[in-house]
Each structure stands twice: as C-alpha cells, then as structure tokens.
Amino acid sequence: MTRESVCIIGSGNWGSAIAKIVGENAVQHSTVFERHVRQWVFEETINGEKLTDIINTKHENVKYLKGVKLPHNVVAVPDIVEACKGASLVVFVLPHQFVRGVCEKMKGYLAPNARAISLIKGLEITPSGIRLFSEEISRILDIPCAALSGANIADEVAREKFCESTVGCSSLADGEVFHKLFDTPYFRINVIQDHVGLQLCGALKNVVAVGAGLSDGLGYGSNTKAAIIRRGMMEMRKFGQTFFGDMVQNDTFFESCGVADLITTCSAGRNRKVAEAFAKTGQPIEKLEAELLNGQKLQGTLTAQEVHEFLSARNLVDMFPLFNTVYRIIYENMDVTAIVRDI
C-alpha cells in the first residue's frame with residue numbers, strides 16, 4: 001500500500017501544536033503515513049537565526065509555541081512549492097487571508113490523489129453569499145477538502161491537556177485517514193460528514209462570545225452568560241439550517257465543533273476578553289484590540305458586521321436578535337445593556 005505523504009501549510013501557534021500531533025502520528029501509523037512530515041514555515045529571523053533552521057535543529061518553534069518540543073520527523077521548509085511537492089494529504093492551518101495566494105502557488109505540485117483538510121476557523125460572508133474556506137481550497141486546487149474544528153486552545157493541546165475535536169468529511173474513507181492523522185489519547189477525534197455545519201459553528205460562535213464578554217463586562221454573572229450561550233447556539237443552528245438546509249445536521253451542534261467550542265470561546269479567548277473591556281471602558285474596539293491582543297485580530301466583531309450585512313440584504317435581521325444586538329452595540333453605539341434587553 002502506498003503511504004500518504006503529509007504536508008502542513010502554516011506554522012503559527014495552532015499550526016505548531018498540530019505539527020506535534022501529526023508528526024507523532026506519522027511515526028505511530030508508519031504503514032499509513034510516510035515518516036517525514038513537511039511543514040511550510042513563513043521564514044522569519046529570530047535573534048539572527050532563520051526560524052526554519054531553529055525548528056530543524058532545536059525542534060521547537062521558539063516564536064509561536066515556545067517551550068514545546070516538536071517531533072524530529074517534522075521538517076520545516078521555507079519554500080511553499082518544495083513543502084507541498086508530491087503531498088497526498090495537505091493540512092491547511094494558516095490565517096484565512098493567505099489561503100488564495102498560497103493555494104495558487106501550490107497548483108500542479110500535489111500528488112494526483114491529493115486530499116486536504118482545513119483547520120481555518122471562519123467564513124467569507126458578503127451580502128451576496130457565504131463561502132467556506134474548505135470550498136475555496138477545493139476550488140483552486142481541484143481536490144477534496146475536509147475540515148477540523150473544536151474546543152481547542154492551541155497551548156493546552158500542545159501541552160497534552162485532554163480535549164476533543166471534530167473532523168467534517170463527506171468521504172468516510174478519507175475520514176478514517178484523518179482520524180489516524182489527528183487522533184491521540186489527549187486529542188480525541190470524532191468524524192462526521194457535515195463539514196458545512198462544522199465550519200459555520202467555527203465562525204458564528206465568535207459573535208456569541210462577544211455577547212458573553214459584554215455580559216461579563218457588565219458584571220451580570222453566570223446565569224446571564226448561560227442564557228446568552230443558549231440563545232447564541234439556537235441562532236447558530238437557525239442560521240445554518242435557514243441558509244444551508246439539510247446540508248447542516250442538527251447533531252453537529254452537539255459535537256466539539258459546536259457546543260464545546262462555543263462554551264470555551266465564551267469562557268476564554270480574545271473575543272470575550274475584548275468585549276468585556278469594551279463594556280467596562282467604552283473605549284473603541286480598535287484601541288482595545290491593539291492594547292490587549294499583541295497583534296492578533298478579533299474575529300467576532302468582523303463576523304458580526306458581515307452577518308448583519310448578509311441578513312440585511314435578505315431582510316432577515318429580525319430573525320437573529322442576538323447577532324443583531326451584538327452588531328448594534330459594537331457598530332451603532334447602542335447601550336451595552338441591550339445585550340439582555342433586546343435578545
């Protein structure tokens with residue numbers, strides 16, 4: 001049997017945590033995967049040394065996952081073509097704004113039977129429609145693309161603290177391969193066929209987390225946050241089933257990619273944190289983002305704006321009162337107490 005050649009596209013915090021898992025599993029399942037796992041690393045200079053050289057000699061991404069050792073069979077490659085050439089399994093875990101450009105450079109270099117999986121949380125939502133990043137990867141590279149999402153804080157995963165994640169894959173055979181690639185005793189994988197609902201959850205939960213953060217900033221307590229989480233889950237499900245119909249399965253919302261990720265995001269994470277500070281200080285989101293996130297960007301406020309524009313174009317804003325209220329508080333200076341009054 002021909003073994004799968006694995007390539008990871010991306011090397012940030014989450015990409016490095018995933019490289020640890022994939023590298024270990026490539027050795028564990030040596031009849032399924034080639035031993036060497038190539039990882040495309042955007043080249044940077046750290047204290048006079050190339051980041052790829054540091055990873056390949058010290059086996060640690062000292063910038064994005066300091067203190068965690070990577071398996072020796074994970075090889076950092078700075079050239080995207082060299083990294084992906086001949087790969088049959090491609091793991092995408094990079095910021096969404098780079099997806100198109102990177103995929104264009106990869107065209108024609110993958111194995112004929114190549115499949116991909118997207119670990120990119122988020123959607124491209126415009127007034128004209130919704131595009132999943134797995135669909136964009138599939139369209140440009142002309143290969144099938146699954147998705148992985150769950151309640152997965154990268155540092156906790158890298159330090160082997162138990163959690164679950166969900167793979168959405170329409171092919172059961174490919175789902176089994178991805179299960180072998182990612183599943184460990186501390187990173188438990190469940191495979192479902194609903195890759196659409198999985199990715200919707202990964203984007204919309206950030207809007208709910210902004211609502212939870214606003215509640216925290218007002219000091220409303222656990223009962224109120226629980227109510228916001230429940231209402232948010234209902235609107236996430238309604239959104240999926242309204243615009244994607246039977247493609248989105250009800251059970252998906254009870255997977256790690258659904259309720260578990262929603263709970264984690266509403267309890268910790270950047271969207272909740274900045275929204276809490278916004279409710280307490282009234283300072284602009286952009287200022288708080290710069291002060292609190294060390295260069296990272298919020299997804300929840302942008303997604304709230306994109307969802308509002310999408311719903312407005314269809315005169316359906318009133319169907320989603322929590323999403324609408326989050327948008328109006330952030331962008332229209334509505335009183336923050338509307339987070340409980342108007343949902």
# chains A, B, ... in the order shown; residues from 1 in each chain; ligands from 1
>>> residues_around(residues="Phe244 in chain A", least_positions_apart="4", cutoff="9 Å", atoms="only C-alpha atoms", output="MDAnalysis selection string")
chainID A and resid 196:197 239:240 248
>>> write_last_selection(atoms="N, CA, C and O atoms", output="CSV table (one decimal), in the first residue's frame")
chain,number,residue,atom,x,y,z
A,196,VAL,N,-20.0,21.4,6.5
A,196,VAL,CA,-20.6,22.8,6.3
A,196,VAL,C,-21.0,23.3,7.7
A,196,VAL,O,-20.6,24.4,8.1
A,197,GLY,N,-21.8,22.5,8.5
A,197,GLY,CA,-22.2,22.9,9.8
A,197,GLY,C,-21.0,23.1,10.7
A,197,GLY,O,-21.0,24.1,11.5
A,239,PHE,N,-29.3,29.8,11.7
A,239,PHE,CA,-28.6,30.4,10.6
A,239,PHE,C,-28.2,29.3,9.6
A,239,PHE,O,-28.4,29.4,8.4
A,240,GLY,N,-27.6,28.2,10.1
A,240,GLY,CA,-27.2,27.1,9.3
A,240,GLY,C,-28.3,26.5,8.5
A,240,GLY,O,-28.2,26.2,7.3
A,248,VAL,N,-26.7,21.1,6.7
A,248,VAL,CA,-26.3,21.2,8.1
A,248,VAL,C,-27.2,20.3,9.0
A,248,VAL,O,-28.4,20.4,9.0
>>> residues_around(residues="range 290-303 of chain A", least_positions_apart="4", cutoff="8 Å", atoms="only C-alpha atoms", output="count of residues only")
17
>>> residues_around(residues="Met1 in chain A", least_positions_apart="2", cutoff="12 Å", atoms="only C-alpha atoms", output="list in words")
Arg3, Glu4, Ser30, Thr31, Val32, Phe33 and Glu34 of chain A
>>> write_last_selection(atoms="C-alpha atoms", output="PDB file, in the first residue's frame")
ATOM      1  CA  ARG A   3       1.837   5.559   2.174  1.00  0.00           C
ATOM      2  CA  GLU A   4       0.410   9.065   2.490  1.00  0.00           C
ATOM      3  CA  SER A  30       4.046   4.055   9.854  1.00  0.00           C
ATOM      4  CA  THR A  31       2.149   1.766   7.454  1.00  0.00           C
ATOM      5  CA  VAL A  32      -0.276   4.584   6.599  1.00  0.00           C
ATOM      6  CA  PHE A  33       1.955   7.692   6.551  1.00  0.00           C
ATOM      7  CA  GLU A  34       5.460   8.483   5.379  1.00  0.00           C
TER       8      GLU A  34
END
>>> closest_atom_pairs(of="range 171-274 of chain A", to="range 113-117 of chain A", cutoff="12 Å", atoms="only C-alpha atoms", output="CSV")
residue,atom,partner,partner_atom,distance
A:Ser171,CA,A:Arg115,CA,10.6
A:Ala173,CA,A:Arg115,CA,11.5
A:Asp174,CA,A:Arg115,CA,8.2
A:Gly175,CA,A:Ile117,CA,10.1
A:Val177,CA,A:Arg115,CA,10.4
A:Phe178,CA,A:Ile117,CA,8.3
A:His179,CA,A:Ile117,CA,11.5
A:Leu181,CA,A:Ile117,CA,10.9
A:Phe182,CA,A:Ile117,CA,11.1
A:His195,CA,A:Ile117,CA,10.2
A:Gln199,CA,A:Ile117,CA,11.8
>>> closest_residue(among="A:Asn333, A:Ile18, A:Glu124, A:Phe162", to="Gln283 in chain A", atoms="only C-alpha atoms")
A:Asn333
>>> select_by_dssp(residues="range 126-282 of chain A", states="alpha helix (DSSP H)", output="MDAnalysis selection string")
chainID A and resid 133:141 154:158 172:182 195:217 222:244 261:267 270:281
>>> select_by_dssp(residues="range 153-304 of chain A", states="strand (DSSP E)", output="VMD selection string")
chain A and resid 163 to 168 187 to 192
>>> closest_residue(among="A:Ala154, A:Leu316, A:Val259, A:Ala87", to="Lys66 in chain A", atoms="only C-alpha atoms")
A:Ala154
>>> residues_around(residues="Phe92 in chain A", least_positions_apart="6", cutoff="12 Å", atoms="only C-alpha atoms", output="number ranges by chain")
A: 6-12, 14-16, 18-19, 39-41, 84, 98-100, 102-103, 106, 115-121, 133-134, 136-138, 145-148
>>> closest_residue(among="A:Met234, A:Val336, A:Ile263, A:Cys257", to="Ala275 in chain A", atoms="only C-alpha atoms")
A:Val336
>>> residues_around(residues="Asn324 in chain A", least_positions_apart="2", cutoff="10 Å", atoms="only C-alpha atoms", output="list of chain:residue names")
A:Val207, A:Ala304, A:Gln305, A:Val307, A:His308, A:Leu311, A:Ser312, A:Val317, A:Asp318, A:Met319, A:Phe320, A:Pro321, A:Leu322, A:Val326, A:Tyr327, A:Arg328, A:Ile329, A:Ile339, A:Asp342, A:Ile343
>>> write_last_selection(atoms="N, CA, C and O atoms", output="mmCIF file, in the first residue's frame")
data_model
loop_
_atom_site.group_PDB
_atom_site.id
_atom_site.type_symbol
_atom_site.label_atom_id
_atom_site.label_comp_id
_atom_site.auth_asym_id
_atom_site.auth_seq_id
_atom_site.Cartn_x
_atom_site.Cartn_y
_atom_site.Cartn_z
ATOM 1 N N VAL A 207 -19.237 35.511 17.369
ATOM 2 C CA VAL A 207 -20.217 36.575 17.590
ATOM 3 C C VAL A 207 -20.870 36.395 18.959
ATOM 4 O O VAL A 207 -21.040 37.363 19.719
ATOM 5 N N ALA A 304 -19.693 39.653 13.059
ATOM 6 C CA ALA A 304 -20.991 40.269 13.369
ATOM 7 C C ALA A 304 -21.382 41.267 12.285
ATOM 8 O O ALA A 304 -22.553 41.329 11.866
ATOM 9 N N GLN A 305 -20.413 42.047 11.825
ATOM 10 C CA GLN A 305 -20.686 43.018 10.758
ATOM 11 C C GLN A 305 -21.040 42.317 9.447
ATOM 12 O O GLN A 305 -22.004 42.692 8.760
ATOM 13 N N VAL A 307 -22.221 39.250 9.026
ATOM 14 C CA VAL A 307 -23.518 38.581 9.165
ATOM 15 C C VAL A 307 -24.652 39.599 9.050
ATOM 16 O O VAL A 307 -25.681 39.345 8.402
ATOM 17 N N HIS A 308 -24.477 40.764 9.665
ATOM 18 C CA HIS A 308 -25.510 41.801 9.601
ATOM 19 C C HIS A 308 -25.749 42.241 8.155
ATOM 20 O O HIS A 308 -26.911 42.381 7.728
ATOM 21 N N LEU A 311 -27.611 39.426 6.317
ATOM 22 C CA LEU A 311 -29.018 39.338 6.712
ATOM 23 C C LEU A 311 -29.811 40.553 6.226
ATOM 24 O O LEU A 311 -30.973 40.427 5.812
ATOM 25 N N SER A 312 -29.190 41.726 6.275
ATOM 26 C CA SER A 312 -29.872 42.940 5.827
ATOM 27 C C SER A 312 -30.250 42.851 4.355
ATOM 28 O O SER A 312 -31.336 43.293 3.949
ATOM 29 N N VAL A 317 -32.860 40.343 9.345
ATOM 30 C CA VAL A 317 -32.127 40.716 10.564
ATOM 31 C C VAL A 317 -32.917 40.353 11.819
ATOM 32 O O VAL A 317 -32.356 39.865 12.806
ATOM 33 N N ASP A 318 -34.230 40.559 11.796
ATOM 34 C CA ASP A 318 -35.048 40.343 12.997
ATOM 35 C C ASP A 318 -35.150 38.876 13.394
ATOM 36 O O ASP A 318 -35.565 38.571 14.522
ATOM 37 N N MET A 319 -34.789 37.974 12.498
ATOM 38 C CA MET A 319 -34.804 36.543 12.832
ATOM 39 C C MET A 319 -33.682 36.164 13.791
ATOM 40 O O MET A 319 -33.716 35.087 14.395
ATOM 41 N N PHE A 320 -32.672 37.049 13.934
ATOM 42 C CA PHE A 320 -31.474 36.731 14.710
ATOM 43 C C PHE A 320 -31.190 37.862 15.698
ATOM 44 O O PHE A 320 -30.238 38.634 15.524
ATOM 45 N N PRO A 321 -32.000 37.974 16.757
ATOM 46 C CA PRO A 321 -31.890 39.134 17.653
ATOM 47 C C PRO A 321 -30.563 39.239 18.398
ATOM 48 O O PRO A 321 -30.083 40.350 18.633
ATOM 49 N N LEU A 322 -29.947 38.113 18.773
ATOM 50 C CA LEU A 322 -28.657 38.205 19.462
ATOM 51 C C LEU A 322 -27.576 38.707 18.517
ATOM 52 O O LEU A 322 -26.811 39.622 18.859
ATOM 53 N N VAL A 326 -25.580 42.336 19.143
ATOM 54 C CA VAL A 326 -24.118 42.442 19.211
ATOM 55 C C VAL A 326 -23.625 43.447 18.172
ATOM 56 O O VAL A 326 -22.802 44.329 18.479
ATOM 57 N N TYR A 327 -24.136 43.342 16.963
ATOM 58 C CA TYR A 327 -23.736 44.273 15.908
ATOM 59 C C TYR A 327 -24.051 45.717 16.301
ATOM 60 O O TYR A 327 -23.203 46.606 16.178
ATOM 61 N N ARG A 328 -25.255 45.973 16.776
ATOM 62 C CA ARG A 328 -25.671 47.345 17.067
ATOM 63 C C ARG A 328 -24.913 47.941 18.250
ATOM 64 O O ARG A 328 -24.613 49.128 18.275
ATOM 65 N N ILE A 329 -24.569 47.130 19.232
ATOM 66 C CA ILE A 329 -23.781 47.628 20.363
ATOM 67 C C ILE A 329 -22.383 48.035 19.898
ATOM 68 O O ILE A 329 -21.869 49.091 20.262
ATOM 69 N N ILE A 339 -27.711 43.959 25.564
ATOM 70 C CA ILE A 339 -27.323 42.566 25.408
ATOM 71 C C ILE A 339 -28.271 41.624 26.154
ATOM 72 O O ILE A 339 -28.389 40.447 25.822
ATOM 73 N N ASP A 342 -32.594 43.209 24.556
ATOM 74 C CA ASP A 342 -33.092 43.142 23.187
ATOM 75 C C ASP A 342 -32.868 41.779 22.507
ATOM 76 O O ASP A 342 -33.015 41.676 21.292
ATOM 77 N N ILE A 343 -32.505 40.773 23.273
ATOM 78 C CA ILE A 343 -32.248 39.469 22.629
ATOM 79 C C ILE A 343 -33.412 38.507 22.837
ATOM 80 O O ILE A 343 -33.403 37.422 22.309
#
>>> decode(residues="range 175-257 of chain A", atoms="C-alpha atoms", output="PDB file, in the first residue's frame")
ATOM      1  CA  GLY A 175     -12.431  10.411   7.352  1.00  0.00           C
ATOM      2  CA  GLU A 176     -10.722   7.248   8.607  1.00  0.00           C
ATOM      3  CA  VAL A 177      -7.365   8.503   7.319  1.00  0.00           C
ATOM      4  CA  PHE A 178      -7.818  11.887   9.002  1.00  0.00           C
ATOM      5  CA  HIS A 179      -8.802  10.115  12.229  1.00  0.00           C
ATOM      6  CA  LYS A 180      -5.461   8.287  12.188  1.00  0.00           C
ATOM      7  CA  LEU A 181      -3.628  11.517  11.362  1.00  0.00           C
ATOM      8  CA  PHE A 182      -5.031  13.546  14.289  1.00  0.00           C
ATOM      9  CA  ASP A 183      -6.450  11.273  16.985  1.00  0.00           C
ATOM     10  CA  THR A 184      -4.390  10.802  20.178  1.00  0.00           C
ATOM     11  CA  PRO A 185      -5.279   9.846  23.763  1.00  0.00           C
ATOM     12  CA  TYR A 186      -5.341  13.572  24.659  1.00  0.00           C
ATOM     13  CA  PHE A 187      -6.755  14.944  21.363  1.00  0.00           C
ATOM     14  CA  ARG A 188      -9.829  12.810  20.721  1.00  0.00           C
ATOM     15  CA  ILE A 189     -11.299  12.995  17.224  1.00  0.00           C
ATOM     16  CA  ASN A 190     -14.867  12.299  16.136  1.00  0.00           C
ATOM     17  CA  VAL A 191     -15.578  12.174  12.400  1.00  0.00           C
ATOM     18  CA  ILE A 192     -18.856  13.451  10.959  1.00  0.00           C
ATOM     19  CA  GLN A 193     -19.940  14.109   7.367  1.00  0.00           C
ATOM     20  CA  ASP A 194     -21.272  17.641   7.952  1.00  0.00           C
ATOM     21  CA  HIS A 195     -18.282  19.800   7.017  1.00  0.00           C
ATOM     22  CA  VAL A 196     -20.578  22.770   6.340  1.00  0.00           C
ATOM     23  CA  GLY A 197     -22.168  22.945   9.803  1.00  0.00           C
ATOM     24  CA  LEU A 198     -18.769  22.393  11.391  1.00  0.00           C
ATOM     25  CA  GLN A 199     -17.314  25.476   9.691  1.00  0.00           C
ATOM     26  CA  LEU A 200     -20.389  27.613  10.364  1.00  0.00           C
ATOM     27  CA  CYS A 201     -20.012  26.879  14.072  1.00  0.00           C
ATOM     28  CA  GLY A 202     -16.348  27.874  13.960  1.00  0.00           C
ATOM     29  CA  ALA A 203     -17.239  31.348  12.693  1.00  0.00           C
ATOM     30  CA  LEU A 204     -20.571  32.192  14.338  1.00  0.00           C
ATOM     31  CA  LYS A 205     -19.502  31.200  17.867  1.00  0.00           C
ATOM     32  CA  ASN A 206     -17.205  34.246  17.873  1.00  0.00           C
ATOM     33  CA  VAL A 207     -20.217  36.575  17.590  1.00  0.00           C
ATOM     34  CA  VAL A 208     -21.818  34.865  20.590  1.00  0.00           C
ATOM     35  CA  ALA A 209     -18.531  35.202  22.502  1.00  0.00           C
ATOM     36  CA  VAL A 210     -18.664  38.978  22.011  1.00  0.00           C
ATOM     37  CA  GLY A 211     -22.114  38.909  23.606  1.00  0.00           C
ATOM     38  CA  ALA A 212     -20.797  36.830  26.501  1.00  0.00           C
ATOM     39  CA  GLY A 213     -17.931  39.282  27.005  1.00  0.00           C
ATOM     40  CA  LEU A 214     -20.318  42.237  27.080  1.00  0.00           C
ATOM     41  CA  SER A 215     -22.303  40.442  29.785  1.00  0.00           C
ATOM     42  CA  ASP A 216     -19.118  39.806  31.772  1.00  0.00           C
ATOM     43  CA  GLY A 217     -18.148  43.453  31.473  1.00  0.00           C
ATOM     44  CA  LEU A 218     -21.490  44.472  32.938  1.00  0.00           C
ATOM     45  CA  GLY A 219     -20.996  42.039  35.832  1.00  0.00           C
ATOM     46  CA  TYR A 220     -24.164  40.098  35.091  1.00  0.00           C
ATOM     47  CA  GLY A 221     -22.860  36.707  36.256  1.00  0.00           C
ATOM     48  CA  SER A 222     -23.070  33.068  35.226  1.00  0.00           C
ATOM     49  CA  ASN A 223     -26.836  32.776  34.768  1.00  0.00           C
ATOM     50  CA  THR A 224     -26.874  35.590  32.227  1.00  0.00           C
ATOM     51  CA  LYS A 225     -23.901  34.217  30.329  1.00  0.00           C
ATOM     52  CA  ALA A 226     -25.530  30.787  30.199  1.00  0.00           C
ATOM     53  CA  ALA A 227     -28.666  32.363  28.708  1.00  0.00           C
ATOM     54  CA  ILE A 228     -26.595  34.184  26.065  1.00  0.00           C
ATOM     55  CA  ILE A 229     -24.754  30.970  25.194  1.00  0.00           C
ATOM     56  CA  ARG A 230     -28.037  29.055  24.839  1.00  0.00           C
ATOM     57  CA  ARG A 231     -29.642  31.744  22.686  1.00  0.00           C
ATOM     58  CA  GLY A 232     -26.462  32.004  20.644  1.00  0.00           C
ATOM     59  CA  MET A 233     -26.483  28.271  19.990  1.00  0.00           C
ATOM     60  CA  MET A 234     -30.094  28.485  18.809  1.00  0.00           C
ATOM     61  CA  GLU A 235     -29.258  31.324  16.397  1.00  0.00           C
ATOM     62  CA  MET A 236     -26.201  29.480  15.083  1.00  0.00           C
ATOM     63  CA  ARG A 237     -28.374  26.462  14.337  1.00  0.00           C
ATOM     64  CA  LYS A 238     -31.140  28.597  12.781  1.00  0.00           C
ATOM     65  CA  PHE A 239     -28.593  30.386  10.571  1.00  0.00           C
ATOM     66  CA  GLY A 240     -27.160  27.103   9.291  1.00  0.00           C
ATOM     67  CA  GLN A 241     -30.489  25.468   8.604  1.00  0.00           C
ATOM     68  CA  THR A 242     -32.014  28.614   7.069  1.00  0.00           C
ATOM     69  CA  PHE A 243     -29.255  29.153   4.515  1.00  0.00           C
ATOM     70  CA  PHE A 244     -27.877  25.631   4.001  1.00  0.00           C
ATOM     71  CA  GLY A 245     -30.931  23.466   4.688  1.00  0.00           C
ATOM     72  CA  ASP A 246     -30.300  19.728   5.035  1.00  0.00           C
ATOM     73  CA  MET A 247     -26.564  20.198   4.428  1.00  0.00           C
ATOM     74  CA  VAL A 248     -26.323  21.247   8.096  1.00  0.00           C
ATOM     75  CA  GLN A 249     -27.162  18.482  10.560  1.00  0.00           C
ATOM     76  CA  ASN A 250     -28.695  19.131  13.976  1.00  0.00           C
ATOM     77  CA  ASP A 251     -26.274  16.705  15.662  1.00  0.00           C
ATOM     78  CA  THR A 252     -23.303  18.815  14.531  1.00  0.00           C
ATOM     79  CA  PHE A 253     -24.149  21.455  17.137  1.00  0.00           C
ATOM     80  CA  PHE A 254     -23.629  18.888  19.915  1.00  0.00           C
ATOM     81  CA  GLU A 255     -20.136  17.961  18.724  1.00  0.00           C
ATOM     82  CA  SER A 256     -16.903  19.547  19.955  1.00  0.00           C
ATOM     83  CA  CYS A 257     -17.069  21.909  16.969  1.00  0.00           C
TER      84      CYS A 257
END
